[in-house]
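Engineer: Structure file model.txt (compact mmCIF, C-alpha atoms) right here:
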```txt
# COMPACT_ATOMS: atom_id res chain seq x y z
CA MET A 1 -17.35 5.69 -23.81
CA ASN A 2 -14.84 4.13 -26.18
CA PRO A 3 -15.52 5.80 -29.57
CA SER A 4 -13.95 2.95 -31.53
CA ASN A 5 -16.29 0.39 -29.92
CA LYS A 6 -13.30 -1.91 -29.67
CA LYS A 7 -12.38 -2.99 -26.18
CA ILE A 8 -9.03 -1.85 -24.85
CA ARG A 9 -6.88 -4.73 -23.68
CA LEU A 10 -5.82 -3.57 -20.23
CA GLY A 11 -3.22 -5.45 -18.21
CA LEU A 12 -2.46 -4.87 -14.55
CA PHE A 13 0.58 -6.12 -12.67
CA LEU A 14 1.48 -6.01 -8.98
CA TYR A 15 4.13 -7.85 -7.01
CA THR A 16 2.86 -7.93 -3.47
CA PRO A 17 4.90 -8.88 -0.40
CA MET A 18 1.89 -8.38 1.90
CA ILE A 19 -1.72 -7.23 1.85
CA GLY A 20 -1.93 -3.46 2.23
CA GLY A 21 -3.01 -0.23 0.58
CA ALA A 22 -1.57 -0.95 -2.88
CA GLU A 23 -3.38 -4.28 -2.95
CA SER A 24 -6.67 -2.63 -1.96
CA TYR A 25 -6.18 -0.04 -4.70
CA LEU A 26 -5.61 -2.82 -7.25
CA LYS A 27 -8.68 -4.70 -6.06
CA ASP A 28 -10.87 -1.60 -6.35
CA LEU A 29 -9.74 -1.08 -9.95
CA ILE A 30 -10.21 -4.71 -10.97
CA TRP A 31 -13.68 -4.92 -9.48
CA ASN A 32 -14.99 -1.57 -10.75
CA LEU A 33 -13.53 -0.79 -14.19
CA ASP A 34 -16.09 -0.82 -17.01
CA ARG A 35 -16.08 -4.21 -18.77
CA ASP A 36 -17.89 -2.70 -21.77
CA ILE A 37 -14.75 -0.66 -22.46
CA PHE A 38 -11.91 -2.79 -21.09
CA ASP A 39 -10.83 -6.39 -21.50
CA ILE A 40 -8.88 -6.87 -18.27
CA THR A 41 -6.00 -9.21 -17.46
CA LEU A 42 -4.22 -9.39 -14.11
CA PHE A 43 -0.62 -10.60 -14.23
CA TYR A 44 0.26 -11.59 -10.67
CA GLU A 45 2.74 -13.55 -8.58
CA PRO A 46 0.47 -16.02 -6.81
CA TRP A 47 0.07 -16.85 -3.17
CA GLU A 48 -3.09 -17.99 -1.43
CA GLU A 49 -3.71 -14.96 0.76
CA PHE A 50 -3.52 -12.61 -2.21
CA VAL A 51 -5.85 -14.79 -4.27
CA ASP A 52 -8.33 -14.89 -1.39
CA PHE A 53 -8.03 -11.15 -0.82
CA LEU A 54 -8.87 -10.35 -4.44
CA GLN A 55 -11.80 -12.80 -4.35
CA MET A 56 -10.76 -14.05 -7.75
CA ALA A 57 -13.50 -16.67 -7.92
CA GLU A 58 -16.21 -13.98 -7.69
CA CYS A 59 -14.46 -11.19 -9.60
CA PRO A 60 -16.21 -9.77 -12.69
CA ALA A 61 -14.89 -10.90 -16.09
CA THR A 62 -11.11 -10.89 -15.68
CA THR A 63 -8.31 -13.08 -16.99
CA PHE A 64 -5.88 -14.07 -14.24
CA LEU A 65 -2.41 -15.05 -15.42
CA PRO A 66 0.18 -16.06 -12.78
CA VAL A 67 3.83 -15.12 -13.27
CA ARG A 68 6.46 -16.73 -11.07
CA VAL A 69 8.71 -13.80 -10.26
CA ILE A 70 11.09 -13.80 -7.29
CA GLU A 71 11.86 -10.69 -5.26
CA GLN A 72 14.63 -10.61 -2.69
CA GLY A 73 12.20 -9.39 -0.01
CA GLY A 74 9.89 -12.40 -0.32
CA HIS A 75 6.40 -12.37 1.21
CA PHE A 76 7.17 -10.80 4.58
CA GLY A 77 3.47 -10.30 5.21
CA ALA A 78 2.35 -13.82 4.36
CA ALA A 79 1.16 -16.24 7.01
CA LYS A 80 2.32 -19.06 4.73
CA PRO A 81 5.32 -17.84 2.68
CA SER A 82 5.47 -21.06 0.65
CA THR A 83 1.94 -20.88 -0.79
CA ALA A 84 3.21 -19.35 -4.05
CA THR A 85 5.19 -22.51 -4.74
CA VAL A 86 2.06 -24.57 -4.22
CA ALA A 87 0.16 -22.47 -6.76
CA MET A 88 2.87 -22.79 -9.39
CA GLY A 89 3.91 -26.38 -8.79
CA LYS A 90 7.23 -27.73 -7.57
CA LEU A 91 10.12 -25.30 -7.97
CA PRO A 92 13.51 -26.17 -9.43
CA VAL A 93 16.22 -26.92 -6.86
CA TRP A 94 18.11 -23.68 -7.60
CA GLU A 95 15.00 -21.59 -6.88
CA ARG A 96 14.36 -23.39 -3.61
CA VAL A 97 17.98 -22.73 -2.58
CA LEU A 98 17.62 -19.06 -3.54
CA MET A 99 14.43 -18.65 -1.50
CA LYS A 100 16.07 -20.30 1.52
CA LEU A 101 18.99 -17.87 1.18
CA GLN A 102 16.51 -14.99 1.18
CA ALA A 103 14.83 -16.24 4.34
CA MET A 104 18.16 -16.77 6.12
CA ASN A 105 19.37 -13.32 5.14
CA GLN A 106 16.23 -11.68 6.58
CA ARG A 107 16.79 -13.40 9.95
CA LEU A 108 20.40 -12.29 10.50
CA PRO A 109 20.38 -11.27 14.19
CA LEU A 110 23.77 -9.74 14.91
CA PRO A 111 24.73 -6.11 14.13
CA LEU A 112 28.04 -7.32 12.66
CA LEU A 113 26.10 -9.34 10.09
CA LYS A 114 23.88 -6.48 8.95
CA LEU A 115 26.34 -5.08 6.42
CA PRO A 116 27.01 -8.47 4.77
CA GLY A 117 23.27 -9.03 4.87
CA LYS A 118 22.66 -5.78 3.00
CA VAL A 119 25.28 -6.72 0.42
CA VAL A 120 23.60 -10.10 -0.10
CA ALA A 121 20.17 -8.49 -0.37
CA ARG A 122 21.33 -5.88 -2.88
CA THR A 123 23.18 -8.50 -4.93
CA LEU A 124 20.08 -10.71 -5.00
CA ARG A 125 18.03 -7.74 -6.15
CA TYR A 126 20.13 -7.25 -9.28
CA VAL A 127 20.80 -10.93 -9.96
CA LEU A 128 17.06 -11.59 -10.16
CA ILE A 129 16.37 -8.86 -12.74
CA PRO A 130 17.12 -10.95 -15.88
CA LEU A 131 15.07 -13.89 -14.59
CA ASN A 132 12.03 -11.79 -13.69
CA PHE A 133 12.28 -9.76 -16.89
CA TYR A 134 12.36 -12.90 -19.04
CA ARG A 135 9.34 -14.40 -17.29
CA MET A 136 7.36 -11.15 -17.57
CA TYR A 137 8.23 -10.89 -21.27
CA GLN A 138 7.17 -14.48 -21.96
CA VAL A 139 3.74 -14.10 -20.40
CA LEU A 140 3.14 -10.67 -21.98
CA LYS A 141 4.20 -11.97 -25.38
CA GLY A 142 1.72 -14.81 -25.05
CA HIS A 143 -1.07 -12.51 -23.88
CA PRO A 144 -0.54 -9.04 -25.43
CA VAL A 145 -2.20 -5.92 -24.04
CA ASP A 146 -2.72 -2.37 -25.33
CA VAL A 147 -2.13 -0.76 -21.94
CA LEU A 148 -0.11 -2.12 -19.03
CA HIS A 149 -0.72 -0.57 -15.61
CA VAL A 150 1.97 -1.54 -13.10
CA ILE A 151 1.14 -0.88 -9.45
CA ASN A 152 4.24 -0.43 -7.34
CA GLY A 153 4.19 -0.19 -3.55
CA GLY A 154 6.93 2.43 -3.59
CA TYR A 155 9.80 3.41 -5.85
CA PRO A 156 11.96 1.71 -6.99
CA GLY A 157 9.89 -0.95 -5.23
CA ALA A 158 9.88 -4.41 -6.75
CA GLU A 159 12.36 -4.90 -9.59
CA SER A 160 9.81 -7.07 -11.41
CA ALA A 161 7.50 -4.04 -11.37
CA ARG A 162 10.22 -1.62 -12.48
CA PHE A 163 11.12 -3.76 -15.51
CA ALA A 164 7.61 -4.89 -16.46
CA PRO A 165 7.01 -1.84 -18.74
CA LEU A 166 10.14 -2.67 -20.75
CA ALA A 167 8.98 -6.27 -21.13
CA ALA A 168 5.54 -5.03 -22.18
CA LYS A 169 6.86 -2.59 -24.79
CA LEU A 170 9.05 -5.32 -26.31
CA ALA A 171 5.98 -7.58 -26.39
CA GLY A 172 4.02 -4.99 -28.37
CA CYS A 173 2.23 -2.94 -25.71
CA ARG A 174 1.47 0.62 -26.86
CA TRP A 175 1.35 2.46 -23.55
CA CYS A 176 2.56 1.83 -19.98
CA VAL A 177 1.66 3.52 -16.72
CA MET A 178 3.04 2.93 -13.23
CA SER A 179 1.28 3.86 -10.01
CA VAL A 180 3.69 4.73 -7.19
CA CYS A 181 1.77 4.20 -3.98
CA ASN A 182 4.41 5.05 -1.39
CA THR A 183 7.10 7.66 -0.87
CA ALA A 184 10.11 7.12 -3.14
CA VAL A 185 13.31 6.27 -1.28
CA PRO A 186 16.55 8.14 -2.06
CA ARG A 187 19.05 6.42 -4.31
CA ALA A 188 21.43 4.13 -2.44
CA PHE A 189 24.62 2.26 -3.24
CA PRO A 190 25.58 1.77 -6.03
CA LEU A 191 24.45 5.28 -6.96
CA PHE A 192 25.66 5.18 -10.58
CA LEU A 193 23.70 1.98 -11.24
CA GLU A 194 20.54 3.23 -9.55
CA LYS A 195 20.69 6.48 -11.52
CA PHE A 196 21.12 4.55 -14.76
CA LEU A 197 18.24 2.18 -13.98
CA ASP A 198 15.92 5.07 -13.07
CA GLY A 199 16.58 6.72 -16.41
CA PHE A 200 16.51 3.50 -18.42
CA THR A 201 13.34 1.97 -17.00
CA GLY A 202 11.66 5.38 -16.68
CA SER A 203 11.97 5.88 -20.43
CA PHE A 204 9.54 2.99 -21.01
CA ILE A 205 6.93 4.35 -18.58
CA ASP A 206 4.63 6.87 -20.24
CA ARG A 207 2.94 8.11 -17.04
CA PHE A 208 3.58 7.85 -13.32
CA VAL A 209 0.31 7.95 -11.39
CA VAL A 210 0.65 9.36 -7.88
CA PRO A 211 -2.12 9.75 -5.27
CA GLY A 212 -0.76 13.04 -3.88
CA ARG A 213 1.47 15.98 -4.80
CA THR A 214 4.00 15.24 -2.07
CA ILE A 215 4.58 11.71 -3.34
CA GLY A 216 5.05 13.10 -6.85
CA ARG A 217 7.52 15.70 -5.64
CA TYR A 218 9.64 13.09 -3.85
CA LEU A 219 9.57 10.88 -6.95
CA CYS A 220 11.03 13.70 -9.04
CA GLU A 221 13.53 14.96 -6.46
CA ARG A 222 14.84 11.60 -5.28
CA ARG A 223 14.68 9.51 -8.46
CA GLY A 224 14.97 12.07 -11.25
CA ILE A 225 11.56 11.36 -12.80
CA ASP A 226 10.39 13.94 -15.34
CA GLN A 227 7.63 16.00 -13.73
CA SER A 228 5.74 16.15 -17.04
CA LYS A 229 5.13 12.41 -16.73
CA LEU A 230 3.24 12.72 -13.42
CA GLU A 231 -0.51 12.10 -13.31
CA LEU A 232 -2.25 13.03 -10.05
CA ILE A 233 -5.17 10.73 -9.23
CA PRO A 234 -6.11 10.71 -5.53
CA TYR A 235 -7.21 7.41 -4.05
CA GLY A 236 -10.87 6.77 -3.50
CA VAL A 237 -12.68 4.35 -1.24
CA LYS A 238 -16.22 3.07 -1.18
CA LEU A 239 -18.06 3.06 2.09
CA SER A 240 -21.38 1.30 2.32
CA SER A 241 -24.08 3.22 4.16
CA GLN A 242 -24.30 0.32 6.61
CA TYR A 243 -21.01 1.38 8.22
CA ALA A 244 -21.92 5.05 8.50
CA SER A 245 -25.25 4.19 10.11
CA VAL A 246 -23.76 1.68 12.55
CA GLY A 247 -20.92 3.92 13.67
CA ARG A 248 -21.81 6.11 16.61
CA LYS A 249 -20.54 9.66 17.06
CA PRO A 250 -17.09 9.88 18.63
CA PHE A 251 -16.78 10.25 22.40
CA SER A 252 -20.50 9.73 23.00
CA GLY A 253 -21.91 7.79 25.93
CA ASP A 254 -20.24 7.03 29.21
CA ARG A 255 -17.74 4.39 28.11
CA VAL A 256 -13.98 4.82 28.03
CA PRO A 257 -12.82 6.27 24.65
CA VAL A 258 -11.45 3.71 22.20
CA ILE A 259 -8.46 4.58 20.00
CA GLY A 260 -7.94 2.56 16.82
CA ALA A 261 -4.90 1.97 14.62
CA ALA A 262 -4.81 -0.19 11.50
CA GLY A 263 -2.14 -1.54 9.18
CA GLY A 264 0.46 -4.23 8.74
CA LEU A 265 2.50 -4.81 11.87
CA ILE A 266 5.80 -3.81 10.27
CA PRO A 267 8.50 -1.32 11.35
CA ARG A 268 7.57 1.63 9.13
CA LYS A 269 4.09 1.82 10.68
CA GLY A 270 5.66 3.24 13.84
CA PHE A 271 3.63 1.16 16.27
CA THR A 272 6.46 1.07 18.83
CA TYR A 273 6.18 4.87 19.06
CA LEU A 274 2.43 4.59 19.39
CA LEU A 275 2.81 2.17 22.30
CA ASP A 276 5.18 4.64 23.96
CA ALA A 277 2.54 7.35 23.43
CA TYR A 278 -0.05 5.13 25.12
CA ALA A 279 2.35 4.63 28.04
CA GLU A 280 2.71 8.42 28.28
CA MET A 281 -1.08 8.82 28.34
CA LYS A 282 -1.41 6.20 31.05
CA ALA A 283 1.27 7.95 33.12
CA ARG A 284 -0.78 11.17 32.89
CA GLY A 285 -3.88 9.39 34.15
CA ILE A 286 -5.82 9.46 30.85
CA ALA A 287 -8.55 6.83 30.54
CA PHE A 288 -8.57 5.02 27.19
CA GLU A 289 -8.65 1.67 25.45
CA ALA A 290 -6.86 0.86 22.19
CA VAL A 291 -7.16 -1.65 19.38
CA PHE A 292 -4.74 -2.67 16.63
CA ILE A 293 -6.34 -3.90 13.39
CA GLY A 294 -3.93 -5.90 11.27
CA ASP A 295 -1.22 -8.49 11.49
CA GLY A 296 2.38 -8.93 10.47
CA PRO A 297 5.89 -10.01 11.46
CA MET A 298 6.16 -7.55 14.38
CA ARG A 299 3.13 -8.82 16.28
CA ALA A 300 5.03 -10.90 18.86
CA GLU A 301 7.47 -8.05 19.47
CA LEU A 302 4.66 -5.54 19.94
CA GLU A 303 2.80 -7.85 22.31
CA ARG A 304 5.97 -8.20 24.41
CA ARG A 305 6.31 -4.43 24.46
CA VAL A 306 2.70 -4.09 25.63
CA ARG A 307 3.43 -6.37 28.56
CA GLY A 308 6.66 -4.52 29.36
CA LEU A 309 4.83 -1.17 29.41
CA ARG A 310 2.04 -2.69 31.55
CA LEU A 311 -0.60 -1.84 28.99
CA LYS A 312 -2.06 -5.32 28.56
CA ASP A 313 -5.35 -4.36 30.23
CA ARG A 314 -5.85 -1.47 27.77
CA ILE A 315 -4.77 -2.83 24.37
CA ARG A 316 -6.21 -5.53 22.11
CA PHE A 317 -4.75 -6.96 18.91
CA LEU A 318 -7.61 -7.87 16.59
CA GLY A 319 -5.43 -9.42 13.88
CA HIS A 320 -6.20 -9.34 10.18
CA LEU A 321 -9.87 -8.60 9.48
CA HIS A 322 -11.76 -8.91 6.23
CA TYR A 323 -13.17 -5.66 4.88
CA ASP A 324 -16.63 -5.78 6.47
CA SER A 325 -15.23 -6.73 9.87
CA MET A 326 -12.56 -4.04 9.59
CA MET A 327 -15.14 -1.37 8.78
CA ASP A 328 -17.29 -2.50 11.70
CA ALA A 329 -14.27 -2.22 14.00
CA MET A 330 -13.37 1.20 12.62
CA SER A 331 -16.95 2.37 13.10
CA SER A 332 -16.83 1.50 16.78
CA ILE A 333 -13.73 3.53 17.71
CA ASP A 334 -13.72 7.12 18.92
CA LEU A 335 -10.39 8.25 17.48
CA PHE A 336 -8.20 6.95 14.68
CA VAL A 337 -4.43 7.29 14.91
CA LEU A 338 -1.72 6.72 12.30
CA SER A 339 1.84 6.60 13.66
CA SER A 340 3.89 5.74 10.55
CA ASP A 341 7.32 7.13 9.78
CA LEU A 342 6.99 6.28 6.06
CA GLU A 343 3.78 6.35 4.02
CA GLY A 344 2.30 7.17 0.67
CA MET A 345 -1.34 8.15 0.93
CA PRO A 346 -2.80 5.63 3.40
CA LEU A 347 -6.22 4.35 2.37
CA VAL A 348 -7.07 3.86 6.02
CA ILE A 349 -6.97 7.65 6.50
CA LEU A 350 -9.65 8.00 3.81
CA GLN A 351 -11.70 5.23 5.41
CA ALA A 352 -11.55 6.99 8.77
CA MET A 353 -12.62 10.26 7.12
CA GLY A 354 -15.55 8.57 5.40
CA LEU A 355 -16.64 6.89 8.63
CA GLY A 356 -16.59 10.16 10.54
CA ARG A 357 -13.71 9.40 12.90
CA PRO A 358 -11.45 12.19 14.16
CA ILE A 359 -7.85 11.58 13.10
CA VAL A 360 -4.42 12.10 14.62
CA SER A 361 -1.58 11.26 12.23
CA THR A 362 2.11 11.69 11.74
CA ASP A 363 2.92 14.18 8.99
CA VAL A 364 4.54 11.78 6.53
CA GLY A 365 4.26 11.06 2.81
CA GLY A 366 1.02 12.28 1.29
CA VAL A 367 -0.93 12.51 4.56
CA GLY A 368 -0.55 16.30 4.57
CA ASP A 369 -2.14 16.41 1.10
CA VAL A 370 -5.27 14.82 2.56
CA LEU A 371 -5.51 16.31 6.05
CA GLU A 372 -5.30 20.01 6.83
CA ASN A 373 -3.73 20.32 10.26
CA GLY A 374 -6.18 21.62 12.84
CA LYS A 375 -9.13 21.57 10.45
CA THR A 376 -9.64 18.04 9.13
CA GLY A 377 -7.13 16.26 11.39
CA ILE A 378 -4.19 16.73 13.71
CA LEU A 379 -0.69 16.24 12.29
CA VAL A 380 2.40 15.59 14.44
CA PRO A 381 6.06 14.84 13.65
CA PRO A 382 6.95 11.15 13.16
CA ARG A 383 8.83 9.20 15.85
CA ASP A 384 7.69 11.55 18.61
CA PRO A 385 5.60 9.64 21.20
CA VAL A 386 5.06 12.70 23.41
CA ALA A 387 3.69 14.81 20.55
CA LEU A 388 1.47 11.88 19.54
CA ALA A 389 0.17 11.51 23.10
CA GLU A 390 -0.51 15.23 23.50
CA ALA A 391 -2.42 15.38 20.20
CA MET A 392 -4.62 12.43 21.22
CA ILE A 393 -5.22 13.89 24.68
CA GLY A 394 -6.11 17.25 23.15
CA ILE A 395 -8.70 15.91 20.75
CA MET A 396 -10.19 13.54 23.35
CA GLY A 397 -10.64 16.47 25.71
CA ASN A 398 -12.59 18.67 23.28
CA ARG A 399 -15.55 16.79 21.81
CA SER A 400 -17.09 19.82 20.06
CA GLU A 401 -13.83 20.52 18.21
CA ALA A 402 -13.52 16.84 17.32
CA LEU A 403 -17.04 16.77 15.83
CA GLU A 404 -16.41 19.92 13.81
CA MET A 405 -13.21 18.35 12.50
CA VAL A 406 -15.19 15.26 11.51
CA ARG A 407 -17.77 17.37 9.68
CA ARG A 408 -15.12 19.13 7.60
CA SER A 409 -13.18 15.95 6.82
CA ARG A 410 -16.34 14.16 5.72
CA LEU A 411 -17.14 16.96 3.26
CA ARG A 412 -13.59 16.79 1.91
CA PHE A 413 -13.89 13.02 1.54
CA GLU A 414 -17.13 13.28 -0.45
CA ASP A 415 -15.62 15.94 -2.70
CA LEU A 416 -12.25 14.31 -3.49
CA TYR A 417 -11.85 10.72 -2.31
CA THR A 418 -14.77 8.60 -3.48
CA LEU A 419 -14.19 5.34 -5.32
CA GLU A 420 -16.35 6.48 -8.25
CA ARG A 421 -14.16 9.55 -8.81
CA MET A 422 -10.95 7.50 -8.70
CA VAL A 423 -12.15 4.80 -11.11
CA ALA A 424 -13.48 7.37 -13.59
CA ALA A 425 -10.13 9.19 -13.59
CA HIS A 426 -8.28 5.95 -14.39
CA GLU A 427 -10.70 5.08 -17.19
CA ARG A 428 -10.14 8.51 -18.79
CA LEU A 429 -6.37 8.06 -18.50
CA TYR A 430 -6.44 4.66 -20.21
CA LEU A 431 -8.83 5.76 -22.95
CA VAL A 432 -7.04 8.94 -23.96
CA ASN A 433 -3.57 7.40 -24.07
CA ALA A 434 -4.42 3.97 -25.50
CA GLN A 435 -5.74 5.65 -28.63
CA GLU A 436 -2.82 8.05 -29.19
```
What's the C-alpha cells form of this structure?
Structural biologist:
Amino acid sequence: MNPSNKKIRLGLFLYTPMIGGAESYLKDLIWNLDRDIFDITLFYEPWEEFVDFLQMAECPATTFLPVRVIEQGGHFGAAKPSTATVAMGKLPVWERVLMKLQAMNQRLPLPLLKLPGKVVARTLRYVLIPLNFYRMYQVLKGHPVDVLHVINGGYPGAESARFAPLAAKLAGCRWCVMSVCNTAVPRAFPLFLEKFLDGFTGSFIDRFVVPGRTIGRYLCERRGIDQSKLELIPYGVKLSSQYASVGRKPFSGDRVPVIGAAGGLIPRKGFTYLLDAYAEMKARGIAFEAVFIGDGPMRAELERRVRGLRLKDRIRFLGHLHYDSMMDAMSSIDLFVLSSDLEGMPLVILQAMGLGRPIVSTDVGGVGDVLENGKTGILVPPRDPVALAEAMIGIMGNRSEALEMVRRSRLRFEDLYTLERMVAAHERLYLVNAQE
C-alpha cells in the first residue's frame, strides 16, 4: 500500500520498432499495476499495430500521450510503416524526406555501399537526438510524473529512450528507471562519444532494471554502468489454465512430433541456422514437422530457403498470432526451440516452460539464467546447426527424460517467473524510490 494515500504519478515510455518481448513486458505492466496506488501515463510513439497490440481502447484507467519521435531504424517490424504519420497527422516536408532517407539506407544492397550506409545511419542517430529530446521534454513538461520508467529493447537501444530520463528530470520528475530487455552491445565508433553519452545519460537514470544477471553483467562490462544501480527483476508471464489443460503431453500419440519456434522473423533470431538444423535432421531420416510463429522482414527469404532445402512439406509459417492463438499453437507442439544469436531473456522461453514444453535453446543472453542445461532445458552454442539438430534429436528420442525436464522447468516457472511476482516487484520498486 501507499502510506501517503496519494497516488504516484507513474509514466512509462517505450519506442518500439516491432512487436516483441519488450512490448509484451510493457503491456503486462500497464494492464496489471494497481490503479489504487498509481496514476499511469504511457508516452508512446504511435503506430496502428502497437496501439492494437496494447488494446488501448480496453485498457484499465491509463492516460495515453503520443510523442512523435524519429529513430533511424524506423519500424522494421511494421506491416504498414507509415501508420505513425497517420496517427499524428501530416508530417512536415523535412521529416518526410528524412524518413525516406532512412528507408533507402536500410535497402542498400551492395557490399560496397554498406560502409557509407553505416555512416549515414550513425549520423542520423546523433542528428535526431536534439529533436527527440525536445519533443520528449515538451510532453513531459505538460504532463509531469513522479516516476518515469523507460523500457528499452537493448542498450543503448533507441536514443529517444536513452535521453528520456534527462528530459524527465528537467521537467521535474523525481526518479527515473530504465529496463534493459536485451543484451547490451559493445561500444562502437565513435568510442569517445559513446563513452561520454553512457556516462552522461546514465547519471540521470536512478536504476537499471534487468531480467537476468547475465544481462546486468554485460551492461556493466560493455557500457560502464555502475553495478550498484542494477535492479534484478525477472520477467513473469501469465498463463490461463485453459492453455495448460488444452496442451497435451509432449511426444504422446502416434503423430509425427511437431517442433515450434516463435519470434520476429529478423536476423538475430537465427532462423537460418534453425532451417539448416532441420535439413540436417531430414538428412538423418528423423521424422518431424515444424512451425514458425511470428512475422517480419525476413519471411520471404526464409520461405525461399525452405524451398531450397526441400523442406516445404515439413514446415509451416503461421504468421503473427494474437496471444490466445499463439498460446493455442504453443500448446500443440511437442518441442520448443529458440535459435537466436542475440537475446535478453526471451518471454517465449517462460511461456514454453509454463505450458510444459521441453526446450532446446541457444545459450545466449539471459537464457542460461532461466534454463539449467540438462535439467530444465538443453542449451547449445549459437550459430551451430549441427549442435542444434543433435540436441533436438536427443530430446525427441527420450520421452521420459523430456517429461522429467518439463516437470522441473514447470516448478521453476511457478517459483520465479509468474506475472504476479513480476508486477509486485515493480510496484515495490516504484513505491520505495518515489518517496525518497
Engineer: Residues within 10 Å of Lys169 (chain A), please, as an NGL selection string. Count all atoms listed in the file; anything in the same chain fewer than 5 positions from it doesn't count.
Structural biologist: :A and (137 or 140-141 or 144-148 or 164 or 174-176 or 204-205)
Engineer: Emit the selected residues as a compact mmCIF listing (two decimals), in the coordinates of the input, including C-alpha atoms.
Structural biologist:
```
# COMPACT_ATOMS: atom_id res chain seq x y z
CA TYR A 137 8.23 -10.89 -21.27
CA LEU A 140 3.14 -10.67 -21.98
CA LYS A 141 4.20 -11.97 -25.38
CA PRO A 144 -0.54 -9.04 -25.43
CA VAL A 145 -2.20 -5.92 -24.04
CA ASP A 146 -2.72 -2.37 -25.33
CA VAL A 147 -2.13 -0.76 -21.94
CA LEU A 148 -0.11 -2.12 -19.03
CA ALA A 164 7.61 -4.89 -16.46
CA ARG A 174 1.47 0.62 -26.86
CA TRP A 175 1.35 2.46 -23.55
CA CYS A 176 2.56 1.83 -19.98
CA PHE A 204 9.54 2.99 -21.01
CA ILE A 205 6.93 4.35 -18.58
```
Engineer: Of the candidates A:Ala188, A:Leu309, A:Ala168, A:Val127, which shows the shortest atom-to-atom distance to Pro156 (chain A), using all atoms listed in the file?
Structural biologist: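 Selected residue with least distance to Pro156 (chain A): A:Ala188.
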Engineer: Do a neighbour search on Pro66 (chain A) at 7 Å with all atoms listed in the file, toss out local chain neighbours closer than 5 positions, and write the hits as a PyMOL selection string.
Structural biologist: chain A and resi 43-46
Engineer: Enumerate, as a ChimeraX atom specification, the protein, DNA and RNA residues whose atoms approach (-15.0, 0.4, 15.2) to within 12 Å, taking into account all atoms listed in the file and the coordinate frame of the file.
Structural biologist: /A:243-244,246-250,257-262,290-293,318,321,324-336,351-352,355-357
Engineer: Up to 12 Å from (6.9, 15.3, 14.1) in the file's coordinates: name the residues, counting only C-alpha atoms, as a list in words.
Structural biologist: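 Within the cut-off we find Tyr273, Ser339, Ser340, Asp341, Val360, Ser361, Thr362, Asp363, Val364, Ile378, Leu379, Val380, Pro381, Pro382, Arg383, Asp384, Pro385, Val386, Ala387, Leu388, Ala389, Glu390 and Ala391 of chain A.
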Engineer: Selection from above, C-alpha atoms, as a CSV table (one decimal), in the coordinates of the input, can you write it?
Structural biologist:
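Writing the result to out-v1.csv gives the following:
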```csv
chain,number,residue,atom,x,y,z
A,273,TYR,CA,6.2,4.9,19.1
A,339,SER,CA,1.8,6.6,13.7
A,340,SER,CA,3.9,5.7,10.6
A,341,ASP,CA,7.3,7.1,9.8
A,360,VAL,CA,-4.4,12.1,14.6
A,361,SER,CA,-1.6,11.3,12.2
A,362,THR,CA,2.1,11.7,11.7
A,363,ASP,CA,2.9,14.2,9.0
A,364,VAL,CA,4.5,11.8,6.5
A,378,ILE,CA,-4.2,16.7,13.7
A,379,LEU,CA,-0.7,16.2,12.3
A,380,VAL,CA,2.4,15.6,14.4
A,381,PRO,CA,6.1,14.8,13.6
A,382,PRO,CA,7.0,11.2,13.2
A,383,ARG,CA,8.8,9.2,15.8
A,384,ASP,CA,7.7,11.6,18.6
A,385,PRO,CA,5.6,9.6,21.2
A,386,VAL,CA,5.1,12.7,23.4
A,387,ALA,CA,3.7,14.8,20.6
A,388,LEU,CA,1.5,11.9,19.5
A,389,ALA,CA,0.2,11.5,23.1
A,390,GLU,CA,-0.5,15.2,23.5
A,391,ALA,CA,-2.4,15.4,20.2
```
Engineer: Would you mind telling me which residue in A:Ala161, A:Asp206, A:Leu124, A:Thr183 lies nearest to Ala434 (chain A) when using only C-alpha atoms?
Structural biologist: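 Closest to Ala434 (chain A), using only C-alpha atoms: A:Asp206.
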Engineer: What is the distance, in Å and to one decimal place, between CA of Asn182 (chain A) and CA of Val306 (chain A)?
Structural biologist: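 Those two atoms sit 28.6 Å apart.
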Engineer: As a VMD selection string, please: the residues near Phe413 (chain A) (cut-off 8 Å, all atoms listed in the file, same-chain neighbours under 5 positions excluded).
Structural biologist: chain A and resid 350 353 to 354 418
Engineer: Using all atoms listed in the file, which of the listed residues (A:Asp295, A:Gly153, A:Ser228, A:Arg9) sits closest to Leu342 (chain A)?
Structural biologist: A:Gly153
